[in-house]
$ cat my_file.tsv   # TSV, N, CA and C atoms
chain	number	residue	atom	x	y	z
A	1	MET	N	-12.90	-22.60	2.17
A	1	MET	CA	-12.47	-21.25	1.88
A	1	MET	C	-11.15	-21.23	1.11
A	2	GLN	N	-10.26	-22.19	1.44
A	2	GLN	CA	-8.98	-22.24	0.72
A	2	GLN	C	-9.20	-22.51	-0.77
A	3	ASP	N	-10.12	-23.43	-1.10
A	3	ASP	CA	-10.41	-23.72	-2.51
A	3	ASP	C	-10.98	-22.49	-3.20
A	4	TYR	N	-11.88	-21.78	-2.51
A	4	TYR	CA	-12.49	-20.57	-3.06
A	4	TYR	C	-11.41	-19.53	-3.33
A	5	ASN	N	-10.55	-19.28	-2.34
A	5	ASN	CA	-9.47	-18.32	-2.51
A	5	ASN	C	-8.53	-18.74	-3.63
A	6	GLN	N	-8.22	-20.03	-3.71
A	6	GLN	CA	-7.31	-20.51	-4.76
A	6	GLN	C	-7.86	-20.24	-6.15
A	7	LYS	N	-9.16	-20.40	-6.32
A	7	LYS	CA	-9.79	-20.11	-7.62
A	7	LYS	C	-9.69	-18.63	-7.96
A	8	ILE	N	-9.88	-17.78	-6.96
A	8	ILE	CA	-9.75	-16.33	-7.18
A	8	ILE	C	-8.31	-15.98	-7.53
A	9	ILE	N	-7.35	-16.57	-6.83
A	9	ILE	CA	-5.93	-16.32	-7.09
A	9	ILE	C	-5.59	-16.73	-8.53
A	10	GLU	N	-6.05	-17.89	-8.95
A	10	GLU	CA	-5.78	-18.37	-10.31
A	10	GLU	C	-6.41	-17.44	-11.35
A	11	GLU	N	-7.65	-17.01	-11.10
A	11	GLU	CA	-8.32	-16.10	-12.03
A	11	GLU	C	-7.59	-14.76	-12.08
A	12	PHE	N	-7.17	-14.26	-10.93
A	12	PHE	CA	-6.42	-13.00	-10.85
A	12	PHE	C	-5.16	-13.09	-11.72
A	13	ARG	N	-4.39	-14.14	-11.54
A	13	ARG	CA	-3.12	-14.28	-12.28
A	13	ARG	C	-3.34	-14.54	-13.76
A	14	ALA	N	-4.42	-15.20	-14.12
A	14	ALA	CA	-4.71	-15.50	-15.53
A	14	ALA	C	-5.24	-14.28	-16.27
A	15	ASN	N	-5.78	-13.31	-15.55
A	15	ASN	CA	-6.45	-12.16	-16.17
A	15	ASN	C	-5.87	-10.82	-15.75
A	16	GLU	N	-4.56	-10.79	-15.50
A	16	GLU	CA	-3.84	-9.55	-15.19
A	16	GLU	C	-4.48	-8.77	-14.05
A	17	GLY	N	-4.90	-9.50	-13.02
A	17	GLY	CA	-5.42	-8.86	-11.83
A	17	GLY	C	-6.92	-8.64	-11.81
A	18	LYS	N	-7.62	-9.08	-12.83
A	18	LYS	CA	-9.07	-8.91	-12.89
A	18	LYS	C	-9.75	-10.21	-12.50
A	19	VAL	N	-10.82	-10.09	-11.71
A	19	VAL	CA	-11.63	-11.25	-11.36
A	19	VAL	C	-13.10	-10.90	-11.51
A	20	GLY	N	-13.93	-11.91	-11.63
A	20	GLY	CA	-15.36	-11.71	-11.80
A	20	GLY	C	-16.12	-12.06	-10.54
A	21	GLY	N	-17.35	-12.48	-10.73
A	21	GLY	CA	-18.19	-12.86	-9.61
A	21	GLY	C	-18.43	-11.68	-8.68
A	22	PRO	N	-18.41	-11.92	-7.38
A	22	PRO	CA	-18.70	-10.84	-6.44
A	22	PRO	C	-17.64	-9.74	-6.44
A	23	PHE	N	-16.49	-10.00	-7.07
A	23	PHE	CA	-15.40	-9.01	-7.09
A	23	PHE	C	-15.29	-8.29	-8.43
A	24	GLU	N	-16.26	-8.50	-9.31
A	24	GLU	CA	-16.28	-7.85	-10.62
A	24	GLU	C	-16.15	-6.34	-10.45
A	25	GLY	N	-15.15	-5.75	-11.11
A	25	GLY	CA	-14.96	-4.30	-11.06
A	25	GLY	C	-14.18	-3.80	-9.85
A	26	ALA	N	-13.96	-4.63	-8.85
A	26	ALA	CA	-13.21	-4.20	-7.67
A	26	ALA	C	-11.71	-4.25	-7.96
A	27	THR	N	-10.97	-3.35	-7.33
A	27	THR	CA	-9.51	-3.41	-7.41
A	27	THR	C	-9.06	-4.44	-6.39
A	28	MET	N	-8.33	-5.43	-6.87
A	28	MET	CA	-7.88	-6.54	-6.02
A	28	MET	C	-6.36	-6.55	-5.95
A	29	LEU	N	-5.87	-7.18	-4.89
A	29	LEU	CA	-4.45	-7.50	-4.80
A	29	LEU	C	-4.31	-8.88	-4.19
A	30	LEU	N	-3.15	-9.46	-4.40
A	30	LEU	CA	-2.80	-10.71	-3.73
A	30	LEU	C	-1.75	-10.37	-2.68
A	31	LEU	N	-2.05	-10.75	-1.44
A	31	LEU	CA	-1.16	-10.49	-0.31
A	31	LEU	C	-0.51	-11.81	0.11
A	32	THR	N	0.81	-11.89	-0.02
A	32	THR	CA	1.54	-13.08	0.41
A	32	THR	C	2.28	-12.72	1.69
A	33	HIS	N	2.08	-13.56	2.71
A	33	HIS	CA	2.60	-13.32	4.05
A	33	HIS	C	3.02	-14.65	4.66
A	34	ARG	N	3.70	-14.59	5.79
A	34	ARG	CA	4.16	-15.80	6.49
A	34	ARG	C	3.28	-16.09	7.68
A	35	GLY	N	2.93	-17.36	7.85
A	35	GLY	CA	2.15	-17.77	9.01
A	35	GLY	C	2.93	-17.51	10.29
A	36	ARG	N	2.29	-16.92	11.26
A	36	ARG	CA	2.98	-16.53	12.50
A	36	ARG	C	3.39	-17.73	13.32
A	37	LYS	N	2.70	-18.85	13.18
A	37	LYS	CA	3.02	-20.05	13.94
A	37	LYS	C	3.88	-21.02	13.14
A	38	THR	N	3.57	-21.16	11.85
A	38	THR	CA	4.23	-22.18	11.04
A	38	THR	C	5.36	-21.64	10.16
A	39	GLY	N	5.31	-20.35	9.87
A	39	GLY	CA	6.27	-19.78	8.93
A	39	GLY	C	5.95	-20.10	7.49
A	40	THR	N	4.82	-20.77	7.26
A	40	THR	CA	4.40	-21.14	5.91
A	40	THR	C	3.93	-19.90	5.15
A	41	GLU	N	4.35	-19.81	3.89
A	41	GLU	CA	3.93	-18.70	3.05
A	41	GLU	C	2.48	-18.92	2.62
A	42	ARG	N	1.67	-17.88	2.75
A	42	ARG	CA	0.25	-17.96	2.40
A	42	ARG	C	-0.12	-16.74	1.55
A	43	THR	N	-1.10	-16.92	0.67
A	43	THR	CA	-1.55	-15.83	-0.19
A	43	THR	C	-3.06	-15.67	-0.05
A	44	ASN	N	-3.47	-14.42	0.10
A	44	ASN	CA	-4.90	-14.10	0.20
A	44	ASN	C	-5.27	-13.06	-0.85
A	45	PRO	N	-6.36	-13.28	-1.58
A	45	PRO	CA	-6.88	-12.24	-2.47
A	45	PRO	C	-7.72	-11.26	-1.65
A	46	LEU	N	-7.47	-9.98	-1.83
A	46	LEU	CA	-8.17	-8.96	-1.03
A	46	LEU	C	-8.57	-7.78	-1.91
A	47	VAL	N	-9.72	-7.20	-1.59
A	47	VAL	CA	-10.12	-5.94	-2.20
A	47	VAL	C	-9.22	-4.86	-1.62
A	48	THR	N	-8.78	-3.96	-2.47
A	48	THR	CA	-7.91	-2.87	-2.02
A	48	THR	C	-8.42	-1.53	-2.50
A	49	MET	N	-7.97	-0.51	-1.83
A	49	MET	CA	-8.30	0.86	-2.21
A	49	MET	C	-6.97	1.61	-2.34
A	50	PRO	N	-6.57	1.94	-3.55
A	50	PRO	CA	-5.34	2.71	-3.70
A	50	PRO	C	-5.45	4.05	-2.97
A	51	ASP	N	-4.34	4.47	-2.35
A	51	ASP	CA	-4.31	5.73	-1.61
A	51	ASP	C	-2.92	6.32	-1.77
A	52	GLY	N	-2.77	7.20	-2.76
A	52	GLY	CA	-1.45	7.73	-3.05
A	52	GLY	C	-0.57	6.61	-3.57
A	53	GLY	N	0.60	6.43	-2.98
A	53	GLY	CA	1.51	5.38	-3.40
A	53	GLY	C	1.36	4.09	-2.61
A	54	ARG	N	0.30	3.96	-1.86
A	54	ARG	CA	0.10	2.77	-1.05
A	54	ARG	C	-1.27	2.15	-1.36
A	55	TYR	N	-1.46	0.94	-0.85
A	55	TYR	CA	-2.71	0.21	-1.05
A	55	TYR	C	-3.32	-0.04	0.33
A	56	ILE	N	-4.61	0.23	0.45
A	56	ILE	CA	-5.30	0.07	1.72
A	56	ILE	C	-6.15	-1.19	1.66
A	57	ILE	N	-6.01	-2.03	2.68
A	57	ILE	CA	-6.82	-3.25	2.80
A	57	ILE	C	-7.53	-3.25	4.14
A	58	PHE	N	-8.56	-4.06	4.24
A	58	PHE	CA	-9.45	-4.04	5.40
A	58	PHE	C	-9.61	-5.44	5.94
A	59	ALA	N	-9.35	-5.62	7.23
A	59	ALA	CA	-9.41	-6.95	7.87
A	59	ALA	C	-10.83	-7.24	8.35
A	60	SER	N	-11.77	-7.27	7.40
A	60	SER	CA	-13.18	-7.39	7.76
A	60	SER	C	-13.62	-8.82	8.07
A	61	LYS	N	-13.06	-9.78	7.37
A	61	LYS	CA	-13.45	-11.19	7.49
A	61	LYS	C	-14.97	-11.34	7.42
A	62	GLY	N	-15.58	-10.54	6.53
A	62	GLY	CA	-17.02	-10.63	6.32
A	62	GLY	C	-17.85	-10.28	7.55
A	63	GLY	N	-17.25	-9.57	8.50
A	63	GLY	CA	-17.96	-9.20	9.71
A	63	GLY	C	-17.90	-10.25	10.81
A	64	ALA	N	-17.00	-11.20	10.67
A	64	ALA	CA	-16.83	-12.24	11.70
A	64	ALA	C	-16.38	-11.60	13.02
A	65	PRO	N	-16.62	-12.28	14.14
A	65	PRO	CA	-16.24	-11.70	15.44
A	65	PRO	C	-14.73	-11.66	15.67
A	66	GLU	N	-13.95	-12.43	14.90
A	66	GLU	CA	-12.50	-12.45	15.08
A	66	GLU	C	-11.81	-11.92	13.83
A	67	ASP	N	-10.59	-11.43	14.03
A	67	ASP	CA	-9.78	-10.93	12.92
A	67	ASP	C	-9.37	-12.09	12.01
A	68	PRO	N	-9.17	-11.80	10.72
A	68	PRO	CA	-8.69	-12.85	9.81
A	68	PRO	C	-7.26	-13.26	10.15
A	69	ASP	N	-6.92	-14.50	9.81
A	69	ASP	CA	-5.56	-15.01	10.07
A	69	ASP	C	-4.50	-14.15	9.39
A	70	TRP	N	-4.76	-13.70	8.16
A	70	TRP	CA	-3.74	-12.90	7.47
A	70	TRP	C	-3.41	-11.65	8.27
A	71	TYR	N	-4.38	-11.06	8.92
A	71	TYR	CA	-4.13	-9.86	9.72
A	71	TYR	C	-3.21	-10.20	10.91
A	72	ARG	N	-3.51	-11.28	11.59
A	72	ARG	CA	-2.68	-11.67	12.73
A	72	ARG	C	-1.26	-12.00	12.25
A	73	ASN	N	-1.16	-12.58	11.06
A	73	ASN	CA	0.16	-12.90	10.51
A	73	ASN	C	0.98	-11.64	10.20
A	74	ILE	N	0.34	-10.63	9.60
A	74	ILE	CA	1.12	-9.43	9.26
A	74	ILE	C	1.41	-8.58	10.50
A	75	LYS	N	0.63	-8.75	11.56
A	75	LYS	CA	0.96	-8.07	12.81
A	75	LYS	C	2.23	-8.68	13.40
A	76	ALA	N	2.42	-9.97	13.19
A	76	ALA	CA	3.62	-10.66	13.68
A	76	ALA	C	4.83	-10.42	12.78
A	77	ASN	N	4.58	-10.24	11.47
A	77	ASN	CA	5.66	-10.03	10.51
A	77	ASN	C	5.11	-9.14	9.39
A	78	SER	N	5.50	-7.88	9.39
A	78	SER	CA	4.93	-6.92	8.45
A	78	SER	C	5.53	-6.95	7.05
A	79	ASP	N	6.53	-7.82	6.82
A	79	ASP	CA	7.12	-7.94	5.49
A	79	ASP	C	6.23	-8.84	4.63
A	80	VAL	N	5.75	-8.29	3.51
A	80	VAL	CA	4.82	-9.02	2.64
A	80	VAL	C	5.25	-8.87	1.19
A	81	THR	N	4.68	-9.72	0.35
A	81	THR	CA	4.81	-9.61	-1.09
A	81	THR	C	3.41	-9.36	-1.63
A	82	VAL	N	3.31	-8.47	-2.60
A	82	VAL	CA	2.01	-8.06	-3.11
A	82	VAL	C	2.01	-8.16	-4.63
A	83	GLU	N	0.87	-8.58	-5.17
A	83	GLU	CA	0.64	-8.57	-6.60
A	83	GLU	C	-0.55	-7.67	-6.88
A	84	VAL	N	-0.35	-6.70	-7.77
A	84	VAL	CA	-1.42	-5.81	-8.22
A	84	VAL	C	-1.35	-5.83	-9.74
A	85	GLY	N	-2.41	-6.30	-10.38
A	85	GLY	CA	-2.36	-6.48	-11.82
A	85	GLY	C	-1.25	-7.47	-12.15
A	86	THR	N	-0.32	-7.06	-13.00
A	86	THR	CA	0.81	-7.93	-13.35
A	86	THR	C	2.08	-7.55	-12.59
A	87	ASP	N	1.96	-6.55	-11.71
A	87	ASP	CA	3.10	-6.06	-10.93
A	87	ASP	C	3.22	-6.84	-9.63
A	88	LYS	N	4.43	-7.28	-9.31
A	88	LYS	CA	4.69	-7.99	-8.06
A	88	LYS	C	5.83	-7.29	-7.35
A	89	PHE	N	5.65	-7.01	-6.04
A	89	PHE	CA	6.67	-6.26	-5.32
A	89	PHE	C	6.65	-6.58	-3.83
A	90	GLU	N	7.77	-6.26	-3.18
A	90	GLU	CA	7.89	-6.40	-1.73
A	90	GLU	C	7.29	-5.16	-1.09
A	91	ALA	N	6.72	-5.33	0.10
A	91	ALA	CA	6.08	-4.21	0.77
A	91	ALA	C	6.11	-4.41	2.28
A	92	LYS	N	5.71	-3.37	2.96
A	92	LYS	CA	5.56	-3.41	4.42
A	92	LYS	C	4.08	-3.13	4.72
A	93	ALA	N	3.51	-3.88	5.66
A	93	ALA	CA	2.13	-3.69	6.07
A	93	ALA	C	2.11	-2.95	7.39
A	94	GLU	N	1.37	-1.84	7.44
A	94	GLU	CA	1.27	-1.04	8.67
A	94	GLU	C	-0.19	-0.77	8.98
A	95	GLU	N	-0.58	-1.00	10.23
A	95	GLU	CA	-1.94	-0.70	10.63
A	95	GLU	C	-2.14	0.81	10.72
A	96	VAL	N	-3.27	1.26	10.22
A	96	VAL	CA	-3.64	2.67	10.25
A	96	VAL	C	-4.62	2.86	11.41
A	97	THR	N	-4.41	3.89	12.22
A	97	THR	CA	-5.25	4.10	13.40
A	97	THR	C	-5.80	5.52	13.44
A	98	GLY	N	-6.65	5.77	14.41
A	98	GLY	CA	-7.14	7.11	14.70
A	98	GLY	C	-7.96	7.72	13.57
A	99	ASP	N	-7.82	9.02	13.40
A	99	ASP	CA	-8.60	9.76	12.40
A	99	ASP	C	-8.34	9.26	10.99
A	100	GLU	N	-7.08	8.90	10.71
A	100	GLU	CA	-6.76	8.42	9.36
A	100	GLU	C	-7.48	7.11	9.08
A	101	ARG	N	-7.49	6.21	10.06
A	101	ARG	CA	-8.22	4.94	9.92
A	101	ARG	C	-9.69	5.22	9.63
A	102	ASP	N	-10.27	6.10	10.41
A	102	ASP	CA	-11.70	6.41	10.26
A	102	ASP	C	-12.00	7.01	8.89
A	103	ARG	N	-11.13	7.90	8.43
A	103	ARG	CA	-11.32	8.52	7.10
A	103	ARG	C	-11.28	7.47	6.00
A	104	LEU	N	-10.28	6.58	6.05
A	104	LEU	CA	-10.14	5.54	5.04
A	104	LEU	C	-11.31	4.55	5.10
A	105	TRP	N	-11.74	4.21	6.31
A	105	TRP	CA	-12.86	3.29	6.46
A	105	TRP	C	-14.13	3.90	5.85
A	106	ARG	N	-14.40	5.16	6.16
A	106	ARG	CA	-15.60	5.82	5.62
A	106	ARG	C	-15.56	5.88	4.10
A	107	LYS	N	-14.39	6.18	3.54
A	107	LYS	CA	-14.25	6.23	2.08
A	107	LYS	C	-14.52	4.85	1.49
A	108	ASN	N	-13.98	3.82	2.11
A	108	ASN	CA	-14.19	2.46	1.61
A	108	ASN	C	-15.68	2.09	1.65
A	109	VAL	N	-16.33	2.38	2.76
A	109	VAL	CA	-17.75	2.04	2.90
A	109	VAL	C	-18.59	2.82	1.88
A	110	SER	N	-18.22	4.06	1.60
A	110	SER	CA	-18.97	4.84	0.61
A	110	SER	C	-18.81	4.25	-0.79
A	111	GLU	N	-17.65	3.67	-1.07
A	111	GLU	CA	-17.40	3.05	-2.38
A	111	GLU	C	-17.87	1.61	-2.45
A	112	ARG	N	-17.88	0.92	-1.30
A	112	ARG	CA	-18.25	-0.49	-1.23
A	112	ARG	C	-19.15	-0.71	-0.02
A	113	PRO	N	-20.45	-0.43	-0.15
A	113	PRO	CA	-21.37	-0.50	0.99
A	113	PRO	C	-21.39	-1.85	1.71
A	114	THR	N	-21.00	-2.92	1.05
A	114	THR	CA	-20.96	-4.23	1.71
A	114	THR	C	-20.08	-4.19	2.94
A	115	PHE	N	-19.01	-3.39	2.91
A	115	PHE	CA	-18.13	-3.29	4.07
A	115	PHE	C	-18.86	-2.68	5.27
A	116	GLY	N	-19.81	-1.80	5.02
A	116	GLY	CA	-20.62	-1.26	6.09
A	116	GLY	C	-21.46	-2.35	6.74
A	117	GLU	N	-21.94	-3.29	5.92
A	117	GLU	CA	-22.69	-4.43	6.45
A	117	GLU	C	-21.79	-5.31	7.31
A	118	TYR	N	-20.55	-5.49	6.90
A	118	TYR	CA	-19.61	-6.27	7.71
A	118	TYR	C	-19.43	-5.62	9.08
A	119	GLU	N	-19.30	-4.30	9.08
A	119	GLU	CA	-19.10	-3.57	10.33
A	119	GLU	C	-20.30	-3.77	11.27
A	120	GLU	N	-21.51	-3.82	10.70
A	120	GLU	CA	-22.72	-4.00	11.52
A	120	GLU	C	-22.79	-5.39	12.14
A	121	ARG	N	-22.13	-6.37	11.53
A	121	ARG	CA	-22.20	-7.75	12.00
A	121	ARG	C	-21.26	-8.05	13.17
A	122	THR	N	-20.35	-7.14	13.47
A	122	THR	CA	-19.33	-7.44	14.48
A	122	THR	C	-19.21	-6.33	15.51
A	123	ASP	N	-18.74	-6.70	16.69
A	123	ASP	CA	-18.49	-5.71	17.74
A	123	ASP	C	-17.07	-5.16	17.68
A	124	ARG	N	-16.20	-5.81	16.90
A	124	ARG	CA	-14.80	-5.36	16.85
A	124	ARG	C	-14.65	-4.19	15.88
A	125	VAL	N	-13.64	-3.40	16.09
A	125	VAL	CA	-13.27	-2.35	15.14
A	125	VAL	C	-12.46	-3.04	14.05
A	126	ILE	N	-12.93	-2.94	12.82
A	126	ILE	CA	-12.27	-3.62	11.71
A	126	ILE	C	-10.95	-2.91	11.41
A	127	PRO	N	-9.83	-3.64	11.49
A	127	PRO	CA	-8.54	-3.02	11.22
A	127	PRO	C	-8.37	-2.57	9.76
A	128	VAL	N	-7.70	-1.45	9.61
A	128	VAL	CA	-7.36	-0.90	8.30
A	128	VAL	C	-5.84	-0.95	8.18
A	129	ILE	N	-5.37	-1.50	7.07
A	129	ILE	CA	-3.94	-1.73	6.87
A	129	ILE	C	-3.45	-1.01	5.61
A	130	ALA	N	-2.34	-0.31	5.72
A	130	ALA	CA	-1.69	0.30	4.57
A	130	ALA	C	-0.56	-0.62	4.11
A	131	ILE	N	-0.57	-0.93	2.83
A	131	ILE	CA	0.51	-1.70	2.20
A	131	ILE	C	1.41	-0.69	1.51
A	132	ILE	N	2.65	-0.62	1.97
A	132	ILE	CA	3.59	0.38	1.49
A	132	ILE	C	4.68	-0.32	0.68
A	133	PRO	N	4.70	-0.10	-0.64
A	133	PRO	CA	5.71	-0.75	-1.48
A	133	PRO	C	7.12	-0.37	-1.08
A	134	ARG	N	8.03	-1.32	-1.19
A	134	ARG	CA	9.47	-1.08	-0.92
A	134	ARG	C	10.14	-0.96	-2.30
A	135	ARG	N	10.01	0.16	-2.94
A	135	ARG	CA	10.59	0.32	-4.29
A	135	ARG	C	11.62	1.41	-4.27
$ encode --input "my_file.tsv" --output "structure tokens"
Amino acid sequence: MQDYNQKIIEEFRANEGKVGGPFEGATMLLLTHRGRKTGTERTNPLVTMPDGGRYIIFASKGGAPEDPDWYRNIKANSDVTVEVGTDKFEAKAEEVTGDERDRLWRKNVSERPTFGEYEERTDRVIPVIAIIPRR
């Protein structure tokens, strides 16, 4: 998975935030965060949904029974660096809950039905995260 993600990251940076394959046409961002155990900086390419001045991401992990590592890392340290297109900025990651979470999740599934399939594969509630730029 690391090799796969690294190829997406390289393609993202080489093409001003655009990638092909299964992410063709999707709005992507690169989320850089610190490992909660090691403190090592890590970067994950993620599909995002712009929402006003923030970016919404979804901790789906393809419908796996456990949350992705990046989610656990940002719960431990919400300070992140984000790349969108050619723009790079510092941000804060905040989990969205309740009615707002449900509204954003439904909008995402309506735009990207694959996320609905992820939800069907797992018993957990898939976390929804708002990335709030510090500008």
$ atom_distance --input "my_file.tsv" --atom1 "atom CA of A:Ile131" --atom2 "atom CA of A:Pro65"
23.6 Å
$ closest_residue --input "my_file.tsv" --among "A:Glu10, A:Gly35, A:Asp99, A:Pro127" --to "A:Asp69" --atoms "only N, CA and C atoms"
A:Gly35
$ residues_around --input "my_file.tsv" --residues "stretch 116-121 of chain A" --least-positions-apart "3" --cutoff "5 Å" --atoms "only N, CA and C atoms" --output "number ranges by chain"
A: 62-63, 109, 113
$ atom_distance --input "my_file.tsv" --atom1 "atom N of A:Phe89" --atom2 "atom C of A:Gly25"
20.4 Å
$ atom_distance --input "my_file.tsv" --atom1 "atom CA of A:Glu66" --atom2 "atom CA of A:Asp51"
26.0 Å
$ closest_residue --input "my_file.tsv" --among "A:Glu11, A:Asn77, A:Ile129, A:Trp70" --to "A:Arg101" --atoms "all atoms listed in the file"
A:Ile129
$ residues_around --input "my_file.tsv" --residues "A:Ala93" --least-positions-apart "3" --cutoff "12 Å" --atoms "only C-alpha atoms" --output "VMD selection string"
chain A and resid 31 to 33 54 to 58 70 to 82 90 96 127 to 134
$ closest_residue --input "my_file.tsv" --among "A:Lys18, A:Phe115, A:Arg124, A:Ala91" --to "A:Asp67" --atoms "all atoms listed in the file"
A:Arg124
$ build_atoms --input "my_file.tsv" --residues "stretch 98-106 of chain A" --atoms "all heavy atoms" --output "mmCIF file, in the frame of the given file"
data_model
loop_
_atom_site.group_PDB
_atom_site.id
_atom_site.type_symbol
_atom_site.label_atom_id
_atom_site.label_comp_id
_atom_site.auth_asym_id
_atom_site.auth_seq_id
_atom_site.Cartn_x
_atom_site.Cartn_y
_atom_site.Cartn_z
ATOM 1 N N GLY A 98 -6.650 5.770 14.410
ATOM 2 C CA GLY A 98 -7.140 7.110 14.700
ATOM 3 C C GLY A 98 -7.960 7.720 13.570
ATOM 4 O O GLY A 98 -8.691 7.026 12.856
ATOM 5 N N ASP A 99 -7.820 9.020 13.400
ATOM 6 C CA ASP A 99 -8.600 9.760 12.400
ATOM 7 C C ASP A 99 -8.340 9.260 10.990
ATOM 8 O O ASP A 99 -9.253 9.219 10.161
ATOM 9 C CB ASP A 99 -8.296 11.260 12.478
ATOM 10 C CG ASP A 99 -8.833 11.907 13.740
ATOM 11 O OD1 ASP A 99 -9.711 11.307 14.406
ATOM 12 O OD2 ASP A 99 -8.381 13.020 14.085
ATOM 13 N N GLU A 100 -7.080 8.900 10.710
ATOM 14 C CA GLU A 100 -6.760 8.420 9.360
ATOM 15 C C GLU A 100 -7.480 7.110 9.080
ATOM 16 O O GLU A 100 -8.036 6.904 8.002
ATOM 17 C CB GLU A 100 -5.250 8.253 9.171
ATOM 18 C CG GLU A 100 -4.904 7.831 7.753
ATOM 19 C CD GLU A 100 -3.433 7.581 7.522
ATOM 20 O OE1 GLU A 100 -2.677 7.388 8.505
ATOM 21 O OE2 GLU A 100 -3.043 7.547 6.344
ATOM 22 N N ARG A 101 -7.490 6.210 10.060
ATOM 23 C CA ARG A 101 -8.220 4.940 9.920
ATOM 24 C C ARG A 101 -9.690 5.220 9.630
ATOM 25 O O ARG A 101 -10.290 4.655 8.721
ATOM 26 C CB ARG A 101 -8.059 4.099 11.183
ATOM 27 C CG ARG A 101 -8.781 2.760 11.094
ATOM 28 C CD ARG A 101 -10.042 2.781 11.950
ATOM 29 N NE ARG A 101 -10.763 1.533 11.764
ATOM 30 C CZ ARG A 101 -12.060 1.476 11.490
ATOM 31 N NH1 ARG A 101 -12.788 2.558 11.382
ATOM 32 N NH2 ARG A 101 -12.648 0.310 11.334
ATOM 33 N N ASP A 102 -10.270 6.100 10.410
ATOM 34 C CA ASP A 102 -11.700 6.410 10.260
ATOM 35 C C ASP A 102 -12.000 7.010 8.890
ATOM 36 O O ASP A 102 -13.003 6.672 8.262
ATOM 37 C CB ASP A 102 -12.165 7.343 11.373
ATOM 38 C CG ASP A 102 -12.072 6.688 12.755
ATOM 39 O OD1 ASP A 102 -11.951 5.440 12.832
ATOM 40 O OD2 ASP A 102 -12.119 7.431 13.754
ATOM 41 N N ARG A 103 -11.130 7.900 8.430
ATOM 42 C CA ARG A 103 -11.320 8.520 7.100
ATOM 43 C C ARG A 103 -11.280 7.470 6.000
ATOM 44 O O ARG A 103 -12.143 7.433 5.133
ATOM 45 C CB ARG A 103 -10.235 9.574 6.855
ATOM 46 C CG ARG A 103 -10.285 10.188 5.445
ATOM 47 C CD ARG A 103 -9.097 11.110 5.183
ATOM 48 N NE ARG A 103 -7.816 10.427 5.133
ATOM 49 C CZ ARG A 103 -7.337 9.765 4.075
ATOM 50 N NH1 ARG A 103 -8.056 9.648 2.981
ATOM 51 N NH2 ARG A 103 -6.146 9.202 4.122
ATOM 52 N N LEU A 104 -10.280 6.580 6.050
ATOM 53 C CA LEU A 104 -10.140 5.540 5.040
ATOM 54 C C LEU A 104 -11.310 4.550 5.100
ATOM 55 O O LEU A 104 -11.804 4.106 4.064
ATOM 56 C CB LEU A 104 -8.802 4.820 5.195
ATOM 57 C CG LEU A 104 -7.572 5.670 4.872
ATOM 58 C CD1 LEU A 104 -6.309 4.994 5.373
ATOM 59 C CD2 LEU A 104 -7.497 5.969 3.382
ATOM 60 N N TRP A 105 -11.740 4.210 6.310
ATOM 61 C CA TRP A 105 -12.860 3.290 6.460
ATOM 62 C C TRP A 105 -14.130 3.900 5.850
ATOM 63 O O TRP A 105 -14.842 3.240 5.099
ATOM 64 C CB TRP A 105 -13.069 2.919 7.928
ATOM 65 C CG TRP A 105 -14.247 2.012 8.080
ATOM 66 C CD1 TRP A 105 -15.484 2.339 8.543
ATOM 67 C CD2 TRP A 105 -14.313 0.631 7.717
ATOM 68 N NE1 TRP A 105 -16.316 1.247 8.497
ATOM 69 C CE2 TRP A 105 -15.619 0.189 7.992
ATOM 70 C CE3 TRP A 105 -13.396 -0.266 7.180
ATOM 71 C CZ2 TRP A 105 -16.036 -1.116 7.755
ATOM 72 C CZ3 TRP A 105 -13.804 -1.566 6.949
ATOM 73 C CH2 TRP A 105 -15.110 -1.984 7.230
ATOM 74 N N ARG A 106 -14.400 5.160 6.160
ATOM 75 C CA ARG A 106 -15.600 5.820 5.620
ATOM 76 C C ARG A 106 -15.560 5.880 4.100
ATOM 77 O O ARG A 106 -16.573 5.653 3.431
ATOM 78 C CB ARG A 106 -15.750 7.234 6.203
ATOM 79 C CG ARG A 106 -16.270 7.257 7.623
ATOM 80 C CD ARG A 106 -16.649 8.673 8.071
ATOM 81 N NE ARG A 106 -15.572 9.638 7.906
ATOM 82 C CZ ARG A 106 -14.646 9.905 8.831
ATOM 83 N NH1 ARG A 106 -14.659 9.283 9.991
ATOM 84 N NH2 ARG A 106 -13.716 10.809 8.600
#
